[in-house]
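S.K.: Once you've had a glance at the structure underneath, I'll fire off some questions.
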Amino acid sequence: MDLDLNTRERLPDALRVLFESYPRETWEEHRNFGELIRFWLDRHLQFRRMNAMLLAGAEGYLDGRLDAERYGRETGRTGQMLLHHLHEHHMVEDTHYFPVLTRQDARLERGFTMLDADHHALDEHLAEFAKDANGLLRALGTGNARDEAGRLHERLTGFGGFLDRHLTDEEELIVPVLLHYDPREFRA
């Protein structure tokens with residue numbers, strides 16, 4: 001069972017035990033699909049959109065459609081939001097959600113361990129993103145930032161793949177648990 005975020009291609013079969021009974025296209029119609037799940041999925045969508053915005057900004061700058069000042073401002077703002085919100089989101093999951101969800105179904109314990117490991121792997125990618133983004137922002141002040149923008153674009157492309165893999169696997173593991181068990185700790 002490949003649990004490594006850097007190499008796995010999907011949620012391993014052994015962890016898809018509830019997902020098979022609760023496929024994605026049925027989630028919204030389920031009686032336990034509520035505000036918590038909607039909010040959580042919206043946060044995941046927001047992370048994907050921020051990464052896409054950062055990629056589009058780099059492409060716009062490299063293509064000459066965005067000037068350096070605007071590109072720097074948008075990259076700084078969106079990059080800082082992505083870093084802050086993703087770290088905060090992972091902290092809440094690791095300290096609150098995962099412990100409660102792990103107790104719901106022992107068969108999925110390895111899955112929550114995998115997701116926690118993903119968070120640490122993503123932290124490494126985020127640190128590299130921050131380093132590249134800061135290098136870009138410094139270089140924009142000198143007027144010669146094409147190499148740094150290209151490096152950041154490459155970083156974001158790779159990071160986007162890892163982020164999407166993690167978010168998709170997390171959704172396919174967690175949402176079925178919430179739908180099936182409706183843990184009292186998360187009821188309004």
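We name chains A, B, ... following the order of the structure tokens; residues begin at 1 in each chain, and ligands are numbered from 1 as shown.
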Report as JSON lines the residues of region 67-181 of chain A within 10 Å of region 18-24 of chain A, each with its shortest atom pair and distance in Å (one decimal), using only C-alpha atoms, ordered by chain and increasing residue number.

M.R.:
```
{"residue": "A:Asp105", "atom": "CA", "partner": "A:Leu18", "partner_atom": "CA", "distance": 9.7}
{"residue": "A:Arg107", "atom": "CA", "partner": "A:Leu18", "partner_atom": "CA", "distance": 9.8}
{"residue": "A:Leu108", "atom": "CA", "partner": "A:Leu18", "partner_atom": "CA", "distance": 9.2}
{"residue": "A:Glu171", "atom": "CA", "partner": "A:Arg24", "partner_atom": "CA", "distance": 8.8}
{"residue": "A:Glu172", "atom": "CA", "partner": "A:Phe19", "partner_atom": "CA", "distance": 5.9}
{"residue": "A:Leu173", "atom": "CA", "partner": "A:Phe19", "partner_atom": "CA", "distance": 6.7}
{"residue": "A:Ile174", "atom": "CA", "partner": "A:Phe19", "partner_atom": "CA", "distance": 8.9}
{"residue": "A:Val175", "atom": "CA", "partner": "A:Phe19", "partner_atom": "CA", "distance": 8.3}
{"residue": "A:Pro176", "atom": "CA", "partner": "A:Phe19", "partner_atom": "CA", "distance": 5.6}
{"residue": "A:Val177", "atom": "CA", "partner": "A:Leu18", "partner_atom": "CA", "distance": 6.9}
{"residue": "A:Leu179", "atom": "CA", "partner": "A:Tyr22", "partner_atom": "CA", "distance": 7.9}
{"residue": "A:His180", "atom": "CA", "partner": "A:Leu18", "partner_atom": "CA", "distance": 7.8}
```

S.K.: Give me, as an MDAnalysis selection string, all polymer residues having an atom no more than 12 Å from Gly111 (chain A), counting only C-alpha atoms and skipping those fewer than 3 positions away in the same chain.

M.R.: chainID A and resid 1:5 10:18 98:99 101:102 105:108 114:118 166 169:174 177

S.K.: Which residues of region 126-185 of chain A come within 9 Å of region 51-75 of chain A, and for each one, what is the closest pair of atoms and their distance in Å to one decimal, counting only C-alpha atoms, sorted by chain and residue number, as a Markdown table?

M.R.:
```
| residue | atom | partner | partner_atom | distance |
| --- | --- | --- | --- | --- |
| A:Ala133 | CA | A:Thr75 | CA | 7.6 |
| A:Leu136 | CA | A:Gly72 | CA | 8.0 |
| A:Leu137 | CA | A:Gly72 | CA | 5.9 |
| A:Leu140 | CA | A:Ala68 | CA | 6.1 |
| A:Gly141 | CA | A:Ala68 | CA | 8.3 |
| A:Gly143 | CA | A:Ala68 | CA | 7.6 |
| A:Ala145 | CA | A:Ala68 | CA | 8.4 |
| A:Arg146 | CA | A:Leu62 | CA | 6.5 |
| A:Ala149 | CA | A:Ala58 | CA | 5.9 |
| A:Gly150 | CA | A:Ala58 | CA | 7.3 |
| A:Leu152 | CA | A:Ala58 | CA | 7.4 |
| A:His153 | CA | A:Ala58 | CA | 5.8 |
| A:Glu154 | CA | A:Leu55 | CA | 8.8 |
| A:Leu156 | CA | A:Leu55 | CA | 6.3 |
| A:Thr157 | CA | A:Leu55 | CA | 7.2 |
| A:Phe159 | CA | A:Asn51 | CA | 8.3 |
| A:Gly160 | CA | A:Asn51 | CA | 6.4 |
| A:Leu163 | CA | A:Asn51 | CA | 9.0 |
```

S.K.: Find the distance between CA of Arg103 (chain A) and CA of His44 (chain A) and write it in Å to one decimal.

M.R.: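 Spanning CA of Arg103 (chain A) to CA of His44 (chain A) is a straight-line distance of 23.3 Å.
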
S.K.: With only C-alpha atoms as the basis for distance, which of A:Leu41, A:Arg49, A:His96, A:Ala139 is at the shortest distance from Glu28 (chain A)?

M.R.: A:Leu41

S.K.: Report the residues of region 117-146 of chain A whose backbone DSSP state falls under helix (DSSP H, G or I), written as an NGL selection string.

M.R.: :A and (117-140 or 146)

S.K.: Measure the distance from CA of Phe186 (chain A) to CA of Arg31 (chain A) in Å and round it to one decimal.

M.R.: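 Rounded to one decimal, the two atoms are 14.5 Å apart.
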